[in-house]
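Notes for the one structure printed next.
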Amino acid sequence: MVKQVKFFFYLILFFHTMACAWFMQACPPVGFDGVDHVALDRGELHHVGVHYCASNTWIMKIDDFVNMTPMQLYVVSLYWSSATGALVGYGDIVAYPNNGTEMSIAVFTMLFGMLYFGYIIASVAASMANADSQRADYQEKIVSANRYMNNKKVNPMLKQRIGKRYQYMWLRTNGIDPESLFDGLTPTLKADVSVALYKDIIEEVPMFKGTDECFIKTLASRITPIYFMEGDYVVRKFDHGEHMFFIHRGCVDVVSEDATMVFATMHPGRFFGEISLLKNCPRTASVRAQTNCDVYILKKDDLDQVLLGYPSIKQQVLDVVEERIVAVRMQNAAKESQTPLAAASPSASVASQLSASSAASVIARPSGASVTPGASPKQTLMIKVEPQPPVAGKTSKIESLMKVFEPSEQPTEQSKQPTAKATSKGSLVEDRVKFFESREQIAGVTAEPQLQVTPKNVEPQPQRVTSKESDDDDDAKYVGPMPRIAWMPPSDDKKEQDNNTSANNNTKAKASKKSKEDVKVQMEIDDQSVEMKTSDKVPFLRRLQKANQVVIDPSSFRLRILYNITVVLVVFTSMLTIFQAAYQYDSAWVLALIYLFELVFMFEIFVKFHVTQADQYGELELNFDKVYKLYLKSFSGFALDIVPTIPFEIFAVFAPVGSRFAVFTYIRFTRLIRLIRVQHYFSQWEQQLDIVVLKVRLTKMLIFVMLIIHFCACIWHFIACPSGECKEKSWVTFQEYEGVAVTGERYTDSIYWCVATITSTGYGDITAHSFEEMLFASFVMILGQLLVGTVLGNIASTLANRDNQRVAYEKELENVKRELDENQVDEELKENVIEYFDYLWLRNKGVSQLDLFKNLPFCMRTELALDIYGKHLRNLRLFKDCSEAFFRDISLCLNEVILRAGDDIVDEGDIGDEMYIIHKGQVNVISERDPTAVECILKEGDYFDDINLLNDTPRSKTIKALTQVDLVTISMEDINKVMERFPEDATKIKEIGQNIFSRDAATASYSCSSSAAASSEAAAQSQC
């Protein structure tokens, strides 16, 4: 926008200069060149104010120029300079024949206008291409990722999550890698910034407390941010730990391996993973993001490198870690003396996977639940609901439940007892107890829960969730506030009742299994969705008020349809509004249609009160009170919507009867304020990443050009015929319209003139006649230069950015060609290399998988890799019975290879240290005796040369691609690194390898699932 304004003022300055020069050469001022009285007497000069105009100049063709004022003469000159410089060329004002000076000025004006017009187009295109290049690259990356996942047939849910991840990272980083954010700074300045950002979180870690300031500064420069979305796994149980995590914003849950149970919740300022960072041990629990989280990470390699320069601090850190490990083991040993809860519970299938100290903490319960240590296994369990502040504007199910349990008055001493009855909301509490009973029965818990209400003004005491497994590593360390639900031993007067109830637990569990769908309905804690027997007693207005407190997701499909409809209506009503004012078109059906559309706009305002918005962190506000207040107080929200809706035109009744309709149409110009929303609509549309940018921008340009042409056409007619009465000297009178009902014809002629002027066509059949028309025509010519330049610049920049990836790939290919030419490589080989590069572009546009997904979190990358190649990895005989964590780790070591039909994969006798897995296509195993014979055909899922992972032996077979083949490889170096991290799996792999390869290494070099039934001749024919 700034450049467009700059170009506009430069054009005005140029046209102003040329207008003055054009007039001065025809009418120099008195005293400038003296006065030729002889020429004046002969009529060759004409006195015009302080000027004497020559008779052989352009001004002689202007009617009544002698009586014009200097300002009117300036407008006429400006009109000519605009028409000439903008290359419109109406032809109504031209250079006088045989006047070389005027022709020279006209030629210079046209040439300069053409060059400046080209400069405008190039400048707009360059500025937009530079401003949008980062977005174009990021969007191309998303397109390539979607193409890759479609080709690999990735699970749709996983594909959707990865797509949302890309959208979220653009919102947070605008496509910039967070790890390289400060790479451009000097080392000292980067260290100072890092200390300002990370010093406080480093000093909170016990093993770093009291360390040297230089050490903290060096360590802070190695910390990098990473972002997790709600539901993303930060770490998974049994994965190898190489990172330490510091929570800066958001909350994470420590969950069980199957994610059905929550052990603890950690909040901003907490950390985990420090023991795995130093002791090289696997994770003992999974950690999942409860909300969108900003997390800082410290890598093991970075910490080791820093500690090399500080040996004394290294010893201090190791001592602190050893002390903590010893303390945790002593605590676990003390807990093992207690009887585990699972011993008396039939749900041993759940608790048997955990230690005795953690068995009580893993009973299925809502997020944030904890267990009070020391509970007797023979006692039944009681639910104790305790308040907890909400997190980031979200309302959890338990917090919604507590709204029902909170008493309206201060509780009495009796109500504080564990066996207290419910108050006036007893029926509701009874329903909630049934909900928890059903929930526990589904989870296989036999204990009969009871409900104890804790008032809001009672301060909860901090508690901690611990277990034998979680205490071995800090991954399961609970450092957050008091959980929402605590499991407490019941009071003595309830023991008998609980014992009687426990005998019926199995029966209840079976019954609850049959009514699982009903329980799911009851699990919706919100009072709006829970079916209660007392709902008929709730007043109608109260239920209506609750029903109105709905929050709408801004990405809702129906909401998008509503916005699309309202934008079309805004454009249509705005065009009708200015059309009625310019042509004084009084039509009842038009007014009825406009006010019918007003009802749609009013409905949209009502909907917008319920539409939530995402903050800078991508979090959606779910509190209705905050949502509607945010819309109400926003100037670009409610104020921008309500002002055009107010019927100010009602005040037209106070105008005189003859001009009442004209005043009515002028007051309705307030409706044009809605056009700001059109710009907002397209701005938000362009911010989306899953769009075709060229299509969106062409649509935007088409609508805005259409609006500008329509507005200019209406103003052009309004200048000639204000308030419906046409001036005597105007373009309308020269057109000689016949009849009265000529509104459509006039509008068509106005559009025709406007398009011809903006596009620099300038037929000249409709031209300006009054000074007002000339001034407006000059403005339209300048506007046309800018408008056409902006449109062409937009298209050029979009096409240029779209081809960035192709240009970079072609540049790389040119470098390869130059290298081959300089080294005089054989032409056949050179042509083969170039054809392979063309094939790579055809397959993946030159983008590798490593570049596409390298910025995804570790857990998401492993999930994607296993979704694509997991079935192949699990079918490998070497990896039989390996752990799931091993497969997650090895999946990131796979390298993709794309081959054409006929390409050699390996040759017999070559030395190699990698194995191959066929993901797609077929390959031929060539016979050792006859190089033209096919011994076997390997298909999808087959593999070969796995012997090279454990033994550095030559290739035993020659293998060629029969069709286009997608392979994945695993190298010996990668498998050795993974086996170092998983010693138990390494032992199994070595044993299997020794058993297989000791028998016959030659025949064991490949696995042929196709049974090799085809004969050599048939295989050869298939290859042909």
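By order of appearance in the structure tokens: chains A, B, ..., then residues from 1 within every chain, and ligands from 1 in the order shown.
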Worksheet item: as a ChimeraX atom specification, which residues of segment 630-795 of chain A does DSSP assign to helix (DSSP H, G or I)?
Response: /A:630-633,635-642,648-654,660-687,693-720,722-724,731-735,743-758,771-795
Discussion item. I'd like to know which of A:Lys700, A:Lys3, A:His248, A:Lys633 is closest to Glu686 of chain A, using only C-alpha atoms.
Written reply: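 For Glu686 of chain A, the nearest of the candidates is A:Lys700.
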Worksheet entry | strand (DSSP E or B) call set, DSSP backbone run, segment 810-1024 of chain A, as a ChimeraX atom specification | /A:895-899,904-906,911,914-920,923-926,934-938,943-944,954,958-961,965-971,1006-1007
Discussion item. Would you pick out the contacts of segment 850-859 of chain A at 7 Å or less, using only C-alpha atoms, so that residues sharing its chain but fewer than 3 positions from it are not included, and give the list as a PyMOL selection string?
Written reply: chain A and resi 141+145+233-235+847+862-863
Worksheet item: Which of these, A:Tyr916, A:Tyr96, A:Tyr681, A:Trp22, has the shortest distance to Thr109 of chain A once you count only C-alpha atoms?
Response: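 Distance minimum relative to Thr109 of chain A lands on A:Trp22.
Distances here use only C-alpha atoms; by that measure, the residue among A:Ser891, A:Thr670, A:Asn292, A:Ser634 closest to Leu620 of chain A is A:Asn292.
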If you count only C-alpha atoms, which residues fall within 9 Å of Gly764 of chain A, apart from same-chain ones fewer than 2 positions away, as an mmCIF file with N, CA and C atoms, in the first residue's frame?
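Written output follows (part34.cif):
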data_model
loop_
_atom_site.group_PDB
_atom_site.id
_atom_site.type_symbol
_atom_site.label_atom_id
_atom_site.label_comp_id
_atom_site.auth_asym_id
_atom_site.auth_seq_id
_atom_site.Cartn_x
_atom_site.Cartn_y
_atom_site.Cartn_z
ATOM 1 N N VAL A 88 -3.771 6.988 -22.776
ATOM 2 C CA VAL A 88 -5.187 6.841 -23.096
ATOM 3 C C VAL A 88 -5.457 7.410 -24.492
ATOM 4 N N GLY A 89 -5.045 8.639 -24.699
ATOM 5 C CA GLY A 89 -5.133 9.243 -26.031
ATOM 6 C C GLY A 89 -6.532 9.357 -26.583
ATOM 7 N N TYR A 90 -7.381 10.190 -25.923
ATOM 8 C CA TYR A 90 -8.733 10.388 -26.452
ATOM 9 C C TYR A 90 -8.704 11.030 -27.838
ATOM 10 N N GLY A 91 -7.768 11.972 -28.045
ATOM 11 C CA GLY A 91 -7.708 12.673 -29.335
ATOM 12 C C GLY A 91 -8.510 13.944 -29.373
ATOM 13 N N ASP A 92 -9.145 14.328 -28.260
ATOM 14 C CA ASP A 92 -9.900 15.581 -28.248
ATOM 15 C C ASP A 92 -8.984 16.796 -28.079
ATOM 16 N N TRP A 753 -17.072 3.962 -20.866
ATOM 17 C CA TRP A 753 -16.051 5.021 -20.774
ATOM 18 C C TRP A 753 -15.021 4.697 -19.695
ATOM 19 N N ALA A 756 -12.617 1.886 -20.794
ATOM 20 C CA ALA A 756 -11.712 2.381 -21.831
ATOM 21 C C ALA A 756 -10.658 3.315 -21.253
ATOM 22 N N THR A 761 -7.313 2.379 -23.197
ATOM 23 C CA THR A 761 -7.782 2.165 -24.564
ATOM 24 C C THR A 761 -8.146 3.497 -25.211
ATOM 25 N N GLY A 762 -8.996 4.273 -24.547
ATOM 26 C CA GLY A 762 -9.283 5.645 -24.966
ATOM 27 C C GLY A 762 -9.793 5.788 -26.379
ATOM 28 N N ILE A 766 -16.556 8.956 -26.178
ATOM 29 C CA ILE A 766 -17.139 9.608 -25.000
ATOM 30 C C ILE A 766 -15.997 10.297 -24.271
ATOM 31 N N THR A 767 -16.057 11.609 -24.174
ATOM 32 C CA THR A 767 -14.979 12.387 -23.559
ATOM 33 C C THR A 767 -15.565 13.405 -22.593
#
Fill in: Two-atom distance - atom CA of Arg236 of chain A, atom CA of Leu949 of chain A (Å)
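Value for the atom CA of Arg236 of chain A-atom CA of Leu949 of chain A distance: 26.8 Å.
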Item to complete: Please provide as number ranges by chain all residues within 9 Å of segment 272-286 of chain A, with the sequence filter that same-chain residues fewer than 2 positions apart are discarded (counting only C-alpha atoms).
Response: A: 205, 207, 233-247, 253-259, 270, 288, 298-300, 303-304, 317-318, 321, 325, 469-477, 981-982
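Using only C-alpha atoms, the smallest distance between any of A:Val570, A:Ala865, A:Val816, A:Ala986 and Gln679 of chain A comes from A:Val570.
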Worksheet item: Separation of atom CA of Asp553 of chain A and atom CA of Leu630 of chain A, in Å?
Response: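 Taking atom CA of Asp553 of chain A as the start and atom CA of Leu630 of chain A as the end point, the length is 14.8 Å.
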Fill in: Nearby residues (only C-alpha atoms) at most 8 Å from Val252 of chain A, same-chain spacing under 4 positions excluded, as a PyMOL selection string
chain A and resi 265-267+287-291+293
Item to complete: Write out as JSON, numbers by chain which residues come within 12 Å of segment 168-174 of chain A when counting only C-alpha atoms, dropping same-chain ones fewer than 2 positions away.
Response: {"A": [132, 133, 134, 135, 136, 137, 138, 139, 141, 142, 161, 162, 163, 164, 165, 166, 176, 177, 178, 179, 180, 181, 225, 226, 227, 228, 229, 230, 292, 293, 294, 614, 615, 616, 617, 618, 619, 687, 688, 689, 690, 855, 856, 857]}
Please produce a file of the residues just selected, as a compact mmCIF listing (two decimals), in the first residue's frame, where the atoms kept are N, CA and C atoms.
# COMPACT_ATOMS: atom_id res chain seq x y z
N ASP A 132 6.28 -12.07 -0.24
CA ASP A 132 5.51 -13.31 -0.17
C ASP A 132 6.35 -14.55 -0.44
N SER A 133 7.64 -14.37 -0.62
CA SER A 133 8.48 -15.52 -0.97
C SER A 133 8.52 -16.56 0.14
N GLN A 134 8.62 -16.09 1.40
CA GLN A 134 8.68 -17.03 2.51
C GLN A 134 7.39 -17.82 2.63
N ARG A 135 6.28 -17.13 2.46
CA ARG A 135 5.00 -17.82 2.51
C ARG A 135 4.87 -18.80 1.35
N ALA A 136 5.32 -18.39 0.16
CA ALA A 136 5.23 -19.27 -1.01
C ALA A 136 6.08 -20.52 -0.80
N ASP A 137 7.27 -20.35 -0.25
CA ASP A 137 8.12 -21.53 0.02
C ASP A 137 7.47 -22.45 1.04
N TYR A 138 6.89 -21.87 2.08
CA TYR A 138 6.26 -22.69 3.12
C TYR A 138 5.03 -23.40 2.55
N GLN A 139 4.27 -22.69 1.73
CA GLN A 139 3.09 -23.31 1.14
C GLN A 139 3.46 -24.42 0.17
N LYS A 141 6.02 -26.23 0.51
CA LYS A 141 6.41 -27.34 1.38
C LYS A 141 5.18 -28.13 1.83
N ILE A 142 4.10 -27.44 2.14
CA ILE A 142 2.87 -28.12 2.54
C ILE A 142 2.30 -28.92 1.39
N ARG A 161 -3.65 -34.34 11.26
CA ARG A 161 -2.88 -33.78 12.37
C ARG A 161 -1.61 -33.09 11.89
N ILE A 162 -0.95 -33.70 10.91
CA ILE A 162 0.27 -33.09 10.38
C ILE A 162 -0.08 -31.79 9.65
N GLY A 163 -1.20 -31.78 8.93
CA GLY A 163 -1.63 -30.55 8.28
C GLY A 163 -1.91 -29.45 9.27
N LYS A 164 -2.57 -29.78 10.38
CA LYS A 164 -2.82 -28.78 11.41
C LYS A 164 -1.52 -28.31 12.05
N ARG A 165 -0.57 -29.22 12.14
CA ARG A 165 0.74 -28.85 12.69
C ARG A 165 1.41 -27.80 11.81
N TYR A 166 1.36 -27.98 10.51
CA TYR A 166 1.94 -26.99 9.61
C TYR A 166 1.23 -25.64 9.75
N ILE A 176 9.69 -19.69 9.96
CA ILE A 176 11.10 -19.58 10.36
C ILE A 176 11.42 -20.69 11.35
N ASP A 177 12.54 -21.35 11.15
CA ASP A 177 12.97 -22.41 12.05
C ASP A 177 13.33 -21.80 13.40
N PRO A 178 12.64 -22.18 14.49
CA PRO A 178 12.95 -21.57 15.80
C PRO A 178 14.40 -21.78 16.23
N GLU A 179 15.01 -22.87 15.81
CA GLU A 179 16.39 -23.14 16.23
C GLU A 179 17.38 -22.17 15.57
N SER A 180 17.02 -21.63 14.43
CA SER A 180 17.93 -20.73 13.72
C SER A 180 17.50 -19.27 13.82
N LEU A 181 16.67 -18.97 14.80
CA LEU A 181 16.10 -17.63 14.91
C LEU A 181 17.17 -16.58 15.16
N PRO A 225 13.77 -23.43 21.35
CA PRO A 225 12.33 -23.64 21.60
C PRO A 225 11.74 -24.67 20.64
N ILE A 226 10.67 -25.29 21.08
CA ILE A 226 9.88 -26.19 20.25
C ILE A 226 8.44 -26.07 20.69
N TYR A 227 7.53 -26.28 19.75
CA TYR A 227 6.11 -26.06 20.02
C TYR A 227 5.35 -27.38 19.86
N PHE A 228 4.40 -27.60 20.77
CA PHE A 228 3.56 -28.79 20.73
C PHE A 228 2.10 -28.36 20.73
N MET A 229 1.30 -29.04 19.94
CA MET A 229 -0.13 -28.78 19.92
C MET A 229 -0.83 -29.69 20.93
N GLU A 230 -2.01 -29.33 21.29
CA GLU A 230 -2.80 -30.13 22.22
C GLU A 230 -2.95 -31.56 21.71
N ASN A 292 -1.89 -26.41 23.99
CA ASN A 292 -0.78 -25.96 23.15
C ASN A 292 0.35 -25.49 24.05
N CYS A 293 1.54 -25.97 23.81
CA CYS A 293 2.66 -25.74 24.73
C CYS A 293 3.85 -25.15 24.00
N ASP A 294 4.52 -24.23 24.69
CA ASP A 294 5.84 -23.76 24.28
C ASP A 294 6.86 -24.38 25.23
N ALA A 614 -8.82 -17.19 17.98
CA ALA A 614 -7.56 -17.76 18.44
C ALA A 614 -6.60 -16.64 18.80
N ASP A 615 -5.88 -16.82 19.91
CA ASP A 615 -4.88 -15.83 20.28
C ASP A 615 -3.59 -16.09 19.52
N GLN A 616 -2.54 -15.39 19.90
CA GLN A 616 -1.27 -15.53 19.19
C GLN A 616 -0.65 -16.91 19.37
N TYR A 617 -1.12 -17.66 20.35
CA TYR A 617 -0.61 -19.01 20.57
C TYR A 617 -1.48 -20.08 19.94
N GLY A 618 -2.53 -19.67 19.23
CA GLY A 618 -3.41 -20.63 18.60
C GLY A 618 -4.47 -21.21 19.52
N GLU A 619 -4.59 -20.65 20.74
CA GLU A 619 -5.59 -21.14 21.69
C GLU A 619 -6.94 -20.48 21.43
N GLN A 687 -4.37 -15.69 4.18
CA GLN A 687 -3.52 -16.20 5.25
C GLN A 687 -3.59 -17.71 5.37
N GLN A 688 -4.61 -18.33 4.79
CA GLN A 688 -4.71 -19.78 4.84
C GLN A 688 -3.65 -20.40 3.94
N LEU A 689 -3.18 -21.55 4.35
CA LEU A 689 -2.11 -22.21 3.63
C LEU A 689 -2.59 -23.27 2.66
N ASP A 690 -3.81 -23.75 2.85
CA ASP A 690 -4.33 -24.81 1.99
C ASP A 690 -5.17 -24.22 0.85
N ASN A 855 11.17 -30.78 10.86
CA ASN A 855 10.78 -29.90 11.96
C ASN A 855 9.60 -30.43 12.76
N LEU A 856 9.09 -31.60 12.42
CA LEU A 856 8.04 -32.21 13.23
C LEU A 856 8.63 -32.72 14.53
N PRO A 857 7.84 -32.77 15.61
CA PRO A 857 8.33 -33.36 16.86
C PRO A 857 8.75 -34.81 16.65
Discussion item. Calculated over only C-alpha atoms, which of the candidates A:Ile691, A:Asn130, A:Thr573, A:Val833 has the smallest distance to Tyr595 of chain A?
Written reply: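 Checking each of A:Ile691, A:Asn130, A:Thr573, A:Val833 against Tyr595 of chain A, counting only C-alpha atoms, the winner is A:Thr573.
Going from atom CA of Arg671 of chain A to atom CA of Gly724 of chain A covers 21.2 Å.
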Item to complete: Rank A:Leu158, A:Leu11, A:Ala131, A:Ile120 by their smallest atom-to-atom distance to Leu864 of chain A, using only C-alpha atoms, and report the top residue only.
Response: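 Using only C-alpha atoms, the shortest distance to Leu864 of chain A belongs to A:Leu158.
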